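input.pdb (PDB, C-alpha atoms and all ligand atoms) appears below.
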ATOM      1  CA  MET A   1       0.000   0.000   0.000
ATOM      2  CA  TYR A   2       1.132   3.530  -0.785
ATOM      3  CA  THR A   3       0.446   6.600   1.368
ATOM      4  CA  PHE A   4       0.501  10.175   0.059
ATOM      5  CA  THR A   5      -0.426  13.622   1.328
ATOM      6  CA  LEU A   6      -2.714  15.377  -1.154
ATOM      7  CA  PRO A   7      -2.239  19.064  -2.087
ATOM      8  CA  SER A   8      -5.152  19.892   0.294
ATOM      9  CA  GLY A   9      -3.355  18.155   3.174
ATOM     10  CA  ILE A  10      -5.622  15.064   3.327
ATOM     11  CA  GLU A  11      -3.732  11.779   3.648
ATOM     12  CA  ALA A  12      -4.602   9.078   1.123
ATOM     13  CA  GLU A  13      -3.705   5.435   0.819
ATOM     14  CA  LEU A  14      -3.720   3.881  -2.657
ATOM     15  CA  LYS A  15      -3.483   0.437  -4.176
ATOM     16  CA  GLU A  16      -2.377  -0.119  -7.727
ATOM     17  CA  MET A  17      -4.673  -0.381 -10.736
ATOM     18  CA  THR A  18      -5.696  -3.763 -12.126
ATOM     19  CA  GLY A  19      -7.394  -5.003 -15.292
ATOM     20  CA  GLN A  20     -10.723  -3.821 -13.842
ATOM     21  CA  GLU A  21      -9.551  -0.231 -13.865
ATOM     22  CA  GLU A  22      -8.092  -0.607 -17.354
ATOM     23  CA  GLU A  23     -11.555  -1.721 -18.535
ATOM     24  CA  LEU A  24     -13.091   1.397 -17.008
ATOM     25  CA  LEU A  25     -10.521   3.630 -18.687
ATOM     26  CA  THR A  26     -11.224   2.171 -22.113
ATOM     27  CA  ASN A  27     -14.982   2.641 -21.797
ATOM     28  CA  GLN A  28     -15.638   5.641 -24.059
ATOM     29  CA  ARG A  29     -19.017   6.460 -22.507
ATOM     30  CA  LEU A  30     -17.596   6.502 -18.986
ATOM     31  CA  LEU A  31     -14.569   8.457 -20.154
ATOM     32  CA  ARG A  32     -16.657  11.170 -21.790
ATOM     33  CA  SER A  33     -18.795  11.763 -18.709
ATOM     34  CA  GLY A  34     -15.736  11.793 -16.462
ATOM     35  CA  ASP A  35     -17.115   8.814 -14.518
ATOM     36  CA  ALA A  36     -14.244   6.534 -15.561
ATOM     37  CA  ILE A  37     -11.677   8.592 -13.666
ATOM     38  CA  ASN A  38     -13.989   8.853 -10.629
ATOM     39  CA  LEU A  39     -14.529   5.086 -10.527
ATOM     40  CA  VAL A  40     -10.830   4.331 -10.965
ATOM     41  CA  ILE A  41      -9.876   6.690  -8.139
ATOM     42  CA  LYS A  42     -12.654   5.292  -5.924
ATOM     43  CA  ASN A  43     -11.593   1.673  -6.583
ATOM     44  CA  CYS A  44      -7.968   2.348  -5.755
ATOM     45  CA  LEU A  45      -8.466   4.549  -2.694
ATOM     46  CA  VAL A  46      -8.042   2.301   0.323
ATOM     47  CA  ARG A  47      -8.280   5.226   2.700
ATOM     48  CA  LEU A  48      -9.033   8.933   2.422
ATOM     49  CA  GLY A  49      -8.248  10.757   5.653
ATOM     50  CA  ASP A  50      -9.988   8.584   8.282
ATOM     51  CA  GLU A  51     -12.491   7.146   5.789
ATOM     52  CA  THR A  52     -11.829   3.537   4.841
ATOM     53  CA  SER A  53     -14.972   2.936   2.783
ATOM     54  CA  VAL A  54     -14.504   5.542   0.083
ATOM     55  CA  THR A  55     -17.581   6.302  -2.028
ATOM     56  CA  ALA A  56     -18.079   8.037  -5.387
ATOM     57  CA  LYS A  57     -19.308  11.092  -3.476
ATOM     58  CA  HIS A  58     -16.054  11.340  -1.509
ATOM     59  CA  VAL A  59     -14.127  11.298  -4.781
ATOM     60  CA  GLU A  60     -16.359  13.890  -6.458
ATOM     61  CA  ASP A  61     -16.077  16.202  -3.466
ATOM     62  CA  LEU A  62     -12.283  16.252  -3.749
ATOM     63  CA  LEU A  63     -10.673  19.413  -5.108
ATOM     64  CA  SER A  64      -9.449  19.117  -8.691
ATOM     65  CA  GLY A  65      -5.808  19.456  -7.673
ATOM     66  CA  ASP A  66      -6.177  16.506  -5.283
ATOM     67  CA  ARG A  67      -7.913  14.453  -7.979
ATOM     68  CA  LEU A  68      -5.221  14.980 -10.584
ATOM     69  CA  PHE A  69      -2.531  14.357  -7.969
ATOM     70  CA  LEU A  70      -4.190  11.010  -7.135
ATOM     71  CA  LEU A  71      -4.314  10.080 -10.813
ATOM     72  CA  VAL A  72      -0.599  10.838 -11.266
ATOM     73  CA  LYS A  73       0.297   8.820  -8.150
ATOM     74  CA  LEU A  74      -1.878   5.931  -9.372
ATOM     75  CA  ARG A  75      -0.015   6.008 -12.684
ATOM     76  CA  GLN A  76       3.301   5.976 -10.829
ATOM     77  CA  ILE A  77       2.528   3.053  -8.518
ATOM     78  CA  SER A  78       0.846   1.020 -11.274
ATOM     79  CA  LEU A  79       3.010   1.719 -14.317
ATOM     80  CA  GLY A  80       6.132   3.528 -13.142
ATOM     81  CA  ASP A  81       7.450   7.085 -12.979
ATOM     82  CA  SER A  82       8.502   7.506 -16.581
ATOM     83  CA  VAL A  83       6.099   8.571 -19.372
ATOM     84  CA  ASP A  84       7.406   8.380 -22.935
ATOM     85  CA  LEU A  85       5.541  10.912 -25.027
ATOM     86  CA  GLU A  86       5.265  11.245 -28.759
ATOM     87  CA  LEU A  87       4.233  14.800 -29.643
ATOM     88  CA  GLN A  88       3.429  15.520 -33.247
ATOM     89  CA  CYS A  89       4.318  19.029 -34.387
ATOM     90  CA  THR A  90       1.226  21.196 -34.883
ATOM     91  CA  ASN A  91       2.841  23.005 -37.820
ATOM     92  CA  ALA A  92       1.026  21.508 -40.849
ATOM     93  CA  VAL A  93       4.089  21.602 -43.130
ATOM     94  CA  CYS A  94       6.295  19.968 -40.495
ATOM     95  CA  LYS A  95       4.296  17.361 -38.540
ATOM     96  CA  ASN A  96       7.553  16.035 -37.120
ATOM     97  CA  ARG A  97       7.178  13.499 -34.312
ATOM     98  CA  ASN A  98       9.023  14.598 -31.201
ATOM     99  CA  TYR A  99       9.905  12.074 -28.539
ATOM    100  CA  LEU A 100      10.399  13.027 -24.930
ATOM    101  CA  SER A 101      10.422  11.303 -21.594
ATOM    102  CA  ILE A 102       8.837  12.811 -18.482
ATOM    103  CA  ASP A 103       9.671  11.793 -14.922
ATOM    104  CA  LEU A 104       6.403  11.999 -12.934
ATOM    105  CA  GLU A 105       8.293  12.187  -9.649
ATOM    106  CA  GLY A 106       9.741  15.506 -10.827
ATOM    107  CA  LEU A 107       6.374  17.262 -11.384
ATOM    108  CA  GLU A 108       5.851  20.371  -9.327
ATOM    109  CA  THR A 109       3.139  20.179  -6.639
ATOM    110  CA  THR A 110       1.694  23.153  -4.787
ATOM    111  CA  SER A 111      -0.428  22.900  -1.626
ATOM    112  CA  TYR A 112      -3.836  24.477  -1.137
ATOM    113  CA  THR A 113      -4.153  27.016   1.649
ATOM    114  CA  GLU A 114      -6.876  26.615   4.313
ATOM    115  CA  GLU A 115      -9.146  29.079   2.491
ATOM    116  CA  ARG A 116     -12.015  27.601   0.475
ATOM    117  CA  GLU A 117     -13.825  30.743  -0.634
ATOM    118  CA  PHE A 118     -12.212  33.847  -2.059
ATOM    119  CA  ALA A 119     -13.422  37.417  -2.561
ATOM    120  CA  PHE A 120     -11.880  39.482  -5.345
ATOM    121  CA  THR A 121     -12.677  43.066  -6.326
ATOM    122  CA  LEU A 122     -12.613  43.511 -10.096
ATOM    123  CA  PRO A 123     -10.225  46.341 -11.042
ATOM    124  CA  ALA A 124     -12.531  48.125 -13.523
ATOM    125  CA  SER A 125     -16.131  47.619 -12.376
ATOM    126  CA  LYS A 126     -15.243  47.297  -8.665
ATOM    127  CA  GLN A 127     -17.760  44.449  -8.396
ATOM    128  CA  VAL A 128     -16.879  41.860  -5.773
ATOM    129  CA  VAL A 129     -16.633  38.305  -7.109
ATOM    130  CA  LYS A 130     -16.770  35.418  -4.662
ATOM    131  CA  PHE A 131     -15.356  32.168  -5.986
ATOM    132  CA  THR A 132     -14.222  28.707  -4.904
ATOM    133  CA  HIS A 133     -11.847  26.025  -6.147
ATOM    134  CA  LEU A 134     -12.780  23.595  -8.906
ATOM    135  CA  ASP A 135     -13.773  20.144  -7.593
ATOM    136  CA  GLY A 136     -15.036  16.850  -8.974
ATOM    137  CA  ASN A 137     -18.686  17.980  -8.962
ATOM    138  CA  LYS A 138     -17.861  21.059 -11.029
ATOM    139  CA  GLU A 139     -15.656  19.002 -13.354
ATOM    140  CA  LYS A 140     -18.620  16.731 -13.959
ATOM    141  CA  ARG A 141     -20.853  19.676 -14.868
ATOM    142  CA  LEU A 142     -18.123  20.954 -17.192
ATOM    143  CA  ALA A 143     -17.881  17.559 -18.907
ATOM    144  CA  ALA A 144     -21.648  17.620 -19.491
ATOM    145  CA  LEU A 145     -21.562  20.970 -21.307
ATOM    146  CA  LYS A 146     -22.178  20.746 -25.037
ATOM    147  CA  GLU A 147     -19.991  23.695 -25.888
ATOM    148  CA  PRO A 148     -17.496  24.303 -23.115
ATOM    149  CA  ASN A 149     -15.489  27.475 -23.642
ATOM    150  CA  ILE A 150     -12.880  29.522 -21.900
ATOM    151  CA  SER A 151     -15.524  31.032 -19.594
ATOM    152  CA  SER A 152     -17.121  27.739 -18.551
ATOM    153  CA  ALA A 153     -14.558  26.736 -15.931
ATOM    154  CA  MET A 154     -14.429  30.308 -14.657
ATOM    155  CA  MET A 155     -18.220  30.468 -14.424
ATOM    156  CA  MET A 156     -18.350  27.158 -12.492
ATOM    157  CA  ARG A 157     -16.095  28.596  -9.833
ATOM    158  CA  ILE A 158     -18.028  31.826  -9.282
ATOM    159  CA  VAL A 159     -20.337  31.794  -6.268
ATOM    160  CA  SER A 160     -21.607  35.358  -6.594
ATOM    161  CA  VAL A 161     -20.988  38.729  -8.224
ATOM    162  CA  ASP A 162     -21.896  41.584  -5.890
ATOM    163  CA  GLY A 163     -24.005  39.092  -3.938
ATOM    164  CA  LYS A 164     -25.982  37.890  -6.970
ATOM    165  CA  SER A 165     -25.796  34.403  -8.509
ATOM    166  CA  PRO A 166     -23.594  34.368 -11.609
ATOM    167  CA  SER A 167     -25.190  34.222 -15.049
ATOM    168  CA  LYS A 168     -23.817  33.857 -18.542
ATOM    169  CA  LYS A 169     -24.781  37.486 -19.129
ATOM    170  CA  ILE A 170     -22.761  38.785 -16.174
ATOM    171  CA  LEU A 171     -19.646  37.069 -17.507
ATOM    172  CA  ALA A 172     -20.293  38.122 -21.102
ATOM    173  CA  ASP A 173     -20.757  41.752 -20.058
ATOM    174  CA  MET A 174     -17.600  41.742 -17.941
ATOM    175  CA  SER A 175     -14.813  43.816 -19.496
ATOM    176  CA  MET A 176     -11.726  42.081 -20.876
ATOM    177  CA  ARG A 177      -9.646  43.757 -18.192
ATOM    178  CA  ASP A 178     -11.841  42.393 -15.374
ATOM    179  CA  ARG A 179     -12.061  38.930 -16.903
ATOM    180  CA  SER A 180      -8.330  38.703 -17.296
ATOM    181  CA  ALA A 181      -7.740  39.945 -13.740
ATOM    182  CA  LEU A 182     -10.242  37.411 -12.386
ATOM    183  CA  ARG A 183      -8.673  34.594 -14.400
ATOM    184  CA  MET A 184      -5.250  35.500 -13.001
ATOM    185  CA  GLU A 185      -6.573  35.655  -9.440
ATOM    186  CA  MET A 186      -8.228  32.241  -9.833
ATOM    187  CA  SER A 187      -5.034  30.678 -11.098
ATOM    188  CA  ARG A 188      -3.001  32.428  -8.379
ATOM    189  CA  VAL A 189      -4.919  30.622  -5.593
ATOM    190  CA  ASP A 190      -5.004  27.317  -7.489
ATOM    191  CA  ALA A 191      -2.982  24.365  -6.311
ATOM    192  CA  GLY A 192      -2.240  20.795  -7.253
ATOM    193  CA  ILE A 193       0.188  19.089  -9.559
ATOM    194  CA  ASP A 194       1.515  20.729 -12.709
ATOM    195  CA  THR A 195       1.113  18.283 -15.598
ATOM    196  CA  THR A 196       1.837  20.793 -18.352
ATOM    197  CA  VAL A 197       4.396  19.598 -20.876
ATOM    198  CA  GLU A 198       6.066  22.075 -23.205
ATOM    199  CA  CYS A 199       8.764  21.576 -25.798
ATOM    200  CA  ASP A 200      10.078  23.099 -29.018
ATOM    201  CA  CYS A 201       9.736  20.971 -32.148
ATOM    202  CA  GLU A 202      13.242  19.785 -32.948
ATOM    203  CA  GLN A 203      12.647  20.221 -36.697
ATOM    204  CA  CYS A 204      11.053  23.660 -36.929
ATOM    205  CA  GLY A 205      11.060  25.120 -33.423
ATOM    206  CA  THR A 206       7.252  25.415 -33.096
ATOM    207  CA  LYS A 207       6.226  25.525 -29.436
ATOM    208  CA  LEU A 208       4.269  22.403 -28.506
ATOM    209  CA  LYS A 209       2.181  22.194 -25.363
ATOM    210  CA  THR A 210       0.063  19.442 -23.857
ATOM    211  CA  ARG A 211      -1.114  18.047 -20.546
ATOM    212  CA  LEU A 212       0.162  14.653 -19.460
ATOM    213  CA  GLU A 213      -3.286  13.274 -18.610
ATOM    214  CA  ALA A 214      -4.452  14.059 -22.161
ATOM    215  CA  GLU A 215      -1.751  11.849 -23.691
ATOM    216  CA  PRO A 216      -2.451   8.143 -24.329
ATOM    217  CA  ALA A 217       1.010   7.222 -22.979
ATOM    218  CA  PHE A 218      -0.001   8.515 -19.544
ATOM    219  CA  LEU A 219      -2.328   5.599 -18.793
ATOM    220  CA  PHE A 220      -1.687   3.313 -21.755
ATOM    221  CA  PRO A 221       2.051   3.121 -22.403
ATOM    222  CA  GLY A 222       2.848   1.094 -25.478
ATOM    223  CA  VAL A 223      -0.540   1.742 -27.110
ATOM    224  CA  ARG A 224      -0.364   3.876 -30.245
TER
HETATM  225 ZN    ZN A 301       7.804  21.100 -36.289
END
Show how you would write the structure in this file as structure tokens.
Ligand SMILES: [Zn+2]
Amino acid sequence: MYTFTLPSGIEAELKEMTGQEEELLTNQRLLRSGDAINLVIKNCLVRLGDETSVTAKHVEDLLSGDRLFLLVKLRQISLGDSVDLELQCTNAVCKNRNYLSIDLEGLETTSYTEEREFAFTLPASKQVVKFTHLDGNKEKRLAALKEPNISSAMMMRIVSVDGKSPSKKILADMSMRDRSALRMEMSRVDAGIDTTVECDCEQCGTKLKTRLEAEPAFLFPGVR
């Protein structure tokens, strides 16, 4: 058994993934809804804090940074620390395949503070926005959106704007300056594990960027 401290400070005990979890991860329907990841984490969590019978609700209530951290640790204990990525260049005339190896143990992790709700005064309109962290419940609502956009995740995190419930209109009417300031403030208080991978194409120098969990090699090494 493997014990870790999550970015939120909760202690978690994990067991490695088996064929059962691999089945879940190859189920397209479960993957699309985000349920596959929830079930895999639930199955492999032997203990979460003092809780030894972990339910789907416990997993959904976890902050997003804790959830991704658990997924990375599960990958490490089940399949090893090293992820061999093949990144195809996004430049249409190049399309060179770049190969790089990432050591999961070297990923940067930041801890959440005790605060769970934040108040931020927008620089232009002076409206006060209250917001929270992203968690599994919000991720699920995001996955269910037909047309998720750059505002969707932001909108999910907003509790109120000047005491009123957020609406699409409030966000759409918000000035670029306020939106950008709010986005920066949200990412400033964010925590978790940084799975961003960036490299320059070795043929043409185009900047390539991805997230480890979006790459097949993260959970299915050897599958092309
Ligand atoms: Zn290239």
Could you expand the PyMOL selection byres (((chain A and resi 140) around 10) and not hetatm) into the explicit residues it covers here, written as a PDB file with C-alpha atoms, keeping the file's coordinate frame?
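Final file, selection-v2.pdb:
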ATOM      1  CA  ARG A  32     -16.657  11.170 -21.790  1.00  0.00           C
ATOM      2  CA  SER A  33     -18.795  11.763 -18.709  1.00  0.00           C
ATOM      3  CA  GLY A  34     -15.736  11.793 -16.462  1.00  0.00           C
ATOM      4  CA  ASP A  35     -17.115   8.814 -14.518  1.00  0.00           C
ATOM      5  CA  ASN A  38     -13.989   8.853 -10.629  1.00  0.00           C
ATOM      6  CA  GLU A  60     -16.359  13.890  -6.458  1.00  0.00           C
ATOM      7  CA  ASP A 135     -13.773  20.144  -7.593  1.00  0.00           C
ATOM      8  CA  GLY A 136     -15.036  16.850  -8.974  1.00  0.00           C
ATOM      9  CA  ASN A 137     -18.686  17.980  -8.962  1.00  0.00           C
ATOM     10  CA  LYS A 138     -17.861  21.059 -11.029  1.00  0.00           C
ATOM     11  CA  GLU A 139     -15.656  19.002 -13.354  1.00  0.00           C
ATOM     12  CA  ARG A 141     -20.853  19.676 -14.868  1.00  0.00           C
ATOM     13  CA  LEU A 142     -18.123  20.954 -17.192  1.00  0.00           C
ATOM     14  CA  ALA A 143     -17.881  17.559 -18.907  1.00  0.00           C
ATOM     15  CA  ALA A 144     -21.648  17.620 -19.491  1.00  0.00           C
ATOM     16  CA  LEU A 145     -21.562  20.970 -21.307  1.00  0.00           C
TER      17      LEU A 145
END
Legend entry - All residues having an atom within 8 Å of ligand ZN 301 (chain A) (all atoms listed in the file) as a list of chain:residue names: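 Within the 8 Å cut-off, the matching residues are A:Gln88, A:Cys89, A:Thr90, A:Asn91, A:Val93, A:Cys94, A:Lys95, A:Asn96, A:Arg97, A:Asp200, A:Cys201, A:Glu202, A:Gln203, A:Cys204, A:Gly205, A:Thr206.
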Residues from last step as file, C-alpha atoms, as a PDB file, in the frame of the given file:
ATOM      1  CA  GLN A  88       3.429  15.520 -33.247  1.00  0.00           C
ATOM      2  CA  CYS A  89       4.318  19.029 -34.387  1.00  0.00           C
ATOM      3  CA  THR A  90       1.226  21.196 -34.883  1.00  0.00           C
ATOM      4  CA  ASN A  91       2.841  23.005 -37.820  1.00  0.00           C
ATOM      5  CA  VAL A  93       4.089  21.602 -43.130  1.00  0.00           C
ATOM      6  CA  CYS A  94       6.295  19.968 -40.495  1.00  0.00           C
ATOM      7  CA  LYS A  95       4.296  17.361 -38.540  1.00  0.00           C
ATOM      8  CA  ASN A  96       7.553  16.035 -37.120  1.00  0.00           C
ATOM      9  CA  ARG A  97       7.178  13.499 -34.312  1.00  0.00           C
ATOM     10  CA  ASP A 200      10.078  23.099 -29.018  1.00  0.00           C
ATOM     11  CA  CYS A 201       9.736  20.971 -32.148  1.00  0.00           C
ATOM     12  CA  GLU A 202      13.242  19.785 -32.948  1.00  0.00           C
ATOM     13  CA  GLN A 203      12.647  20.221 -36.697  1.00  0.00           C
ATOM     14  CA  CYS A 204      11.053  23.660 -36.929  1.00  0.00           C
ATOM     15  CA  GLY A 205      11.060  25.120 -33.423  1.00  0.00           C
ATOM     16  CA  THR A 206       7.252  25.415 -33.096  1.00  0.00           C
TER      17      THR A 206
END
Legend entry - Expected residue set, 12 Å radius at (-15.5, 11.4, 0.4), only C-alpha atoms, as a list in words: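 The answer, in the requested form, is Ile10, Ala12, Asn38, Ile41, Lys42, Leu45, Val46, Arg47, Leu48, Gly49, Asp50, Glu51, Thr52, Ser53, Val54, Thr55, Ala56, Lys57, His58, Val59, Glu60, Asp61, Leu62, Leu63, Arg67, Asp135, Gly136 and Asn137 of chain A.
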Could you save those same residues with C-alpha atoms as a PDB file, in the coordinates of the input?
ATOM      1  CA  ILE A  10      -5.622  15.064   3.327  1.00  0.00           C
ATOM      2  CA  ALA A  12      -4.602   9.078   1.123  1.00  0.00           C
ATOM      3  CA  ASN A  38     -13.989   8.853 -10.629  1.00  0.00           C
ATOM      4  CA  ILE A  41      -9.876   6.690  -8.139  1.00  0.00           C
ATOM      5  CA  LYS A  42     -12.654   5.292  -5.924  1.00  0.00           C
ATOM      6  CA  LEU A  45      -8.466   4.549  -2.694  1.00  0.00           C
ATOM      7  CA  VAL A  46      -8.042   2.301   0.323  1.00  0.00           C
ATOM      8  CA  ARG A  47      -8.280   5.226   2.700  1.00  0.00           C
ATOM      9  CA  LEU A  48      -9.033   8.933   2.422  1.00  0.00           C
ATOM     10  CA  GLY A  49      -8.248  10.757   5.653  1.00  0.00           C
ATOM     11  CA  ASP A  50      -9.988   8.584   8.282  1.00  0.00           C
ATOM     12  CA  GLU A  51     -12.491   7.146   5.789  1.00  0.00           C
ATOM     13  CA  THR A  52     -11.829   3.537   4.841  1.00  0.00           C
ATOM     14  CA  SER A  53     -14.972   2.936   2.783  1.00  0.00           C
ATOM     15  CA  VAL A  54     -14.504   5.542   0.083  1.00  0.00           C
ATOM     16  CA  THR A  55     -17.581   6.302  -2.028  1.00  0.00           C
ATOM     17  CA  ALA A  56     -18.079   8.037  -5.387  1.00  0.00           C
ATOM     18  CA  LYS A  57     -19.308  11.092  -3.476  1.00  0.00           C
ATOM     19  CA  HIS A  58     -16.054  11.340  -1.509  1.00  0.00           C
ATOM     20  CA  VAL A  59     -14.127  11.298  -4.781  1.00  0.00           C
ATOM     21  CA  GLU A  60     -16.359  13.890  -6.458  1.00  0.00           C
ATOM     22  CA  ASP A  61     -16.077  16.202  -3.466  1.00  0.00           C
ATOM     23  CA  LEU A  62     -12.283  16.252  -3.749  1.00  0.00           C
ATOM     24  CA  LEU A  63     -10.673  19.413  -5.108  1.00  0.00           C
ATOM     25  CA  ARG A  67      -7.913  14.453  -7.979  1.00  0.00           C
ATOM     26  CA  ASP A 135     -13.773  20.144  -7.593  1.00  0.00           C
ATOM     27  CA  GLY A 136     -15.036  16.850  -8.974  1.00  0.00           C
ATOM     28  CA  ASN A 137     -18.686  17.980  -8.962  1.00  0.00           C
TER      29      ASN A 137
END
Please report as a Markdown table every residue of stretch 130-207 of chain A lying within 6 Å of stretch 99-109 of chain A, along with the nearest atom pair and their distance in Å (one decimal), using only C-alpha atoms.
| residue | atom | partner | partner_atom | distance |
| --- | --- | --- | --- | --- |
| A:Gly192 | CA | A:Thr109 | CA | 5.4 |
| A:Ile193 | CA | A:Thr109 | CA | 4.3 |
| A:Asp194 | CA | A:Glu108 | CA | 5.5 |
Inset, instruction - Using atom CA of A:Ala92 and atom CA of A:Ile150 as the two end points, give the distance in Å to one decimal. - result: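 It comes out at 24.8 Å.
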Rebuild stretch 28-53 of chain A so that it carries N, CA and C atoms, then output the result as a compact mmCIF listing (two decimals), in the coordinates of the input.
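And here's part.txt as it stands now:
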# COMPACT_ATOMS: atom_id res chain seq x y z
N GLN A 28 -15.51 4.28 -23.52
CA GLN A 28 -15.64 5.64 -24.06
C GLN A 28 -16.76 6.44 -23.39
N ARG A 29 -17.88 5.76 -23.10
CA ARG A 29 -19.02 6.46 -22.51
C ARG A 29 -18.64 6.98 -21.12
N LEU A 30 -18.00 6.11 -20.33
CA LEU A 30 -17.60 6.50 -18.99
C LEU A 30 -16.50 7.57 -19.02
N LEU A 31 -15.64 7.48 -20.04
CA LEU A 31 -14.57 8.46 -20.15
C LEU A 31 -15.12 9.84 -20.45
N ARG A 32 -16.09 9.88 -21.39
CA ARG A 32 -16.66 11.17 -21.79
C ARG A 32 -17.33 11.88 -20.62
N SER A 33 -18.06 11.14 -19.81
CA SER A 33 -18.80 11.76 -18.71
C SER A 33 -17.88 12.08 -17.52
N GLY A 34 -16.65 11.57 -17.58
CA GLY A 34 -15.74 11.79 -16.46
C GLY A 34 -15.89 10.74 -15.37
N ASP A 35 -16.87 9.83 -15.55
CA ASP A 35 -17.11 8.81 -14.52
C ASP A 35 -16.00 7.78 -14.43
N ALA A 36 -15.31 7.54 -15.56
CA ALA A 36 -14.24 6.53 -15.56
C ALA A 36 -13.17 6.90 -14.54
N ILE A 37 -12.73 8.14 -14.59
CA ILE A 37 -11.68 8.59 -13.67
C ILE A 37 -12.17 8.51 -12.22
N ASN A 38 -13.43 8.92 -11.99
CA ASN A 38 -13.99 8.85 -10.63
C ASN A 38 -14.01 7.42 -10.11
N LEU A 39 -14.44 6.48 -10.95
CA LEU A 39 -14.53 5.09 -10.53
C LEU A 39 -13.15 4.49 -10.27
N VAL A 40 -12.19 4.85 -11.13
CA VAL A 40 -10.83 4.33 -10.96
C VAL A 40 -10.24 4.84 -9.64
N ILE A 41 -10.41 6.13 -9.39
CA ILE A 41 -9.88 6.69 -8.14
C ILE A 41 -10.57 6.05 -6.94
N LYS A 42 -11.90 5.91 -7.03
CA LYS A 42 -12.65 5.29 -5.92
C LYS A 42 -12.17 3.85 -5.65
N ASN A 43 -12.03 3.07 -6.73
CA ASN A 43 -11.59 1.67 -6.58
C ASN A 43 -10.23 1.54 -5.91
N CYS A 44 -9.35 2.49 -6.21
CA CYS A 44 -7.97 2.35 -5.76
C CYS A 44 -7.68 3.07 -4.44
N LEU A 45 -8.66 3.87 -3.97
CA LEU A 45 -8.47 4.55 -2.69
C LEU A 45 -8.82 3.61 -1.55
N VAL A 46 -7.82 3.19 -0.81
CA VAL A 46 -8.04 2.30 0.32
C VAL A 46 -8.48 3.12 1.53
N ARG A 47 -7.95 4.34 1.58
CA ARG A 47 -8.28 5.23 2.70
C ARG A 47 -8.14 6.68 2.25
N LEU A 48 -9.09 7.50 2.70
CA LEU A 48 -9.03 8.93 2.42
C LEU A 48 -9.23 9.64 3.76
N GLY A 49 -8.18 10.22 4.29
CA GLY A 49 -8.25 10.76 5.65
C GLY A 49 -8.53 9.60 6.60
N ASP A 50 -9.63 9.68 7.38
CA ASP A 50 -9.99 8.58 8.28
C ASP A 50 -10.96 7.60 7.64
N GLU A 51 -11.44 7.94 6.44
CA GLU A 51 -12.49 7.15 5.79
C GLU A 51 -11.90 5.91 5.08
N THR A 52 -12.36 4.74 5.48
CA THR A 52 -11.83 3.54 4.84
C THR A 52 -12.83 2.91 3.87
N SER A 53 -14.09 3.39 3.86
CA SER A 53 -14.97 2.94 2.78
C SER A 53 -15.30 4.14 1.89
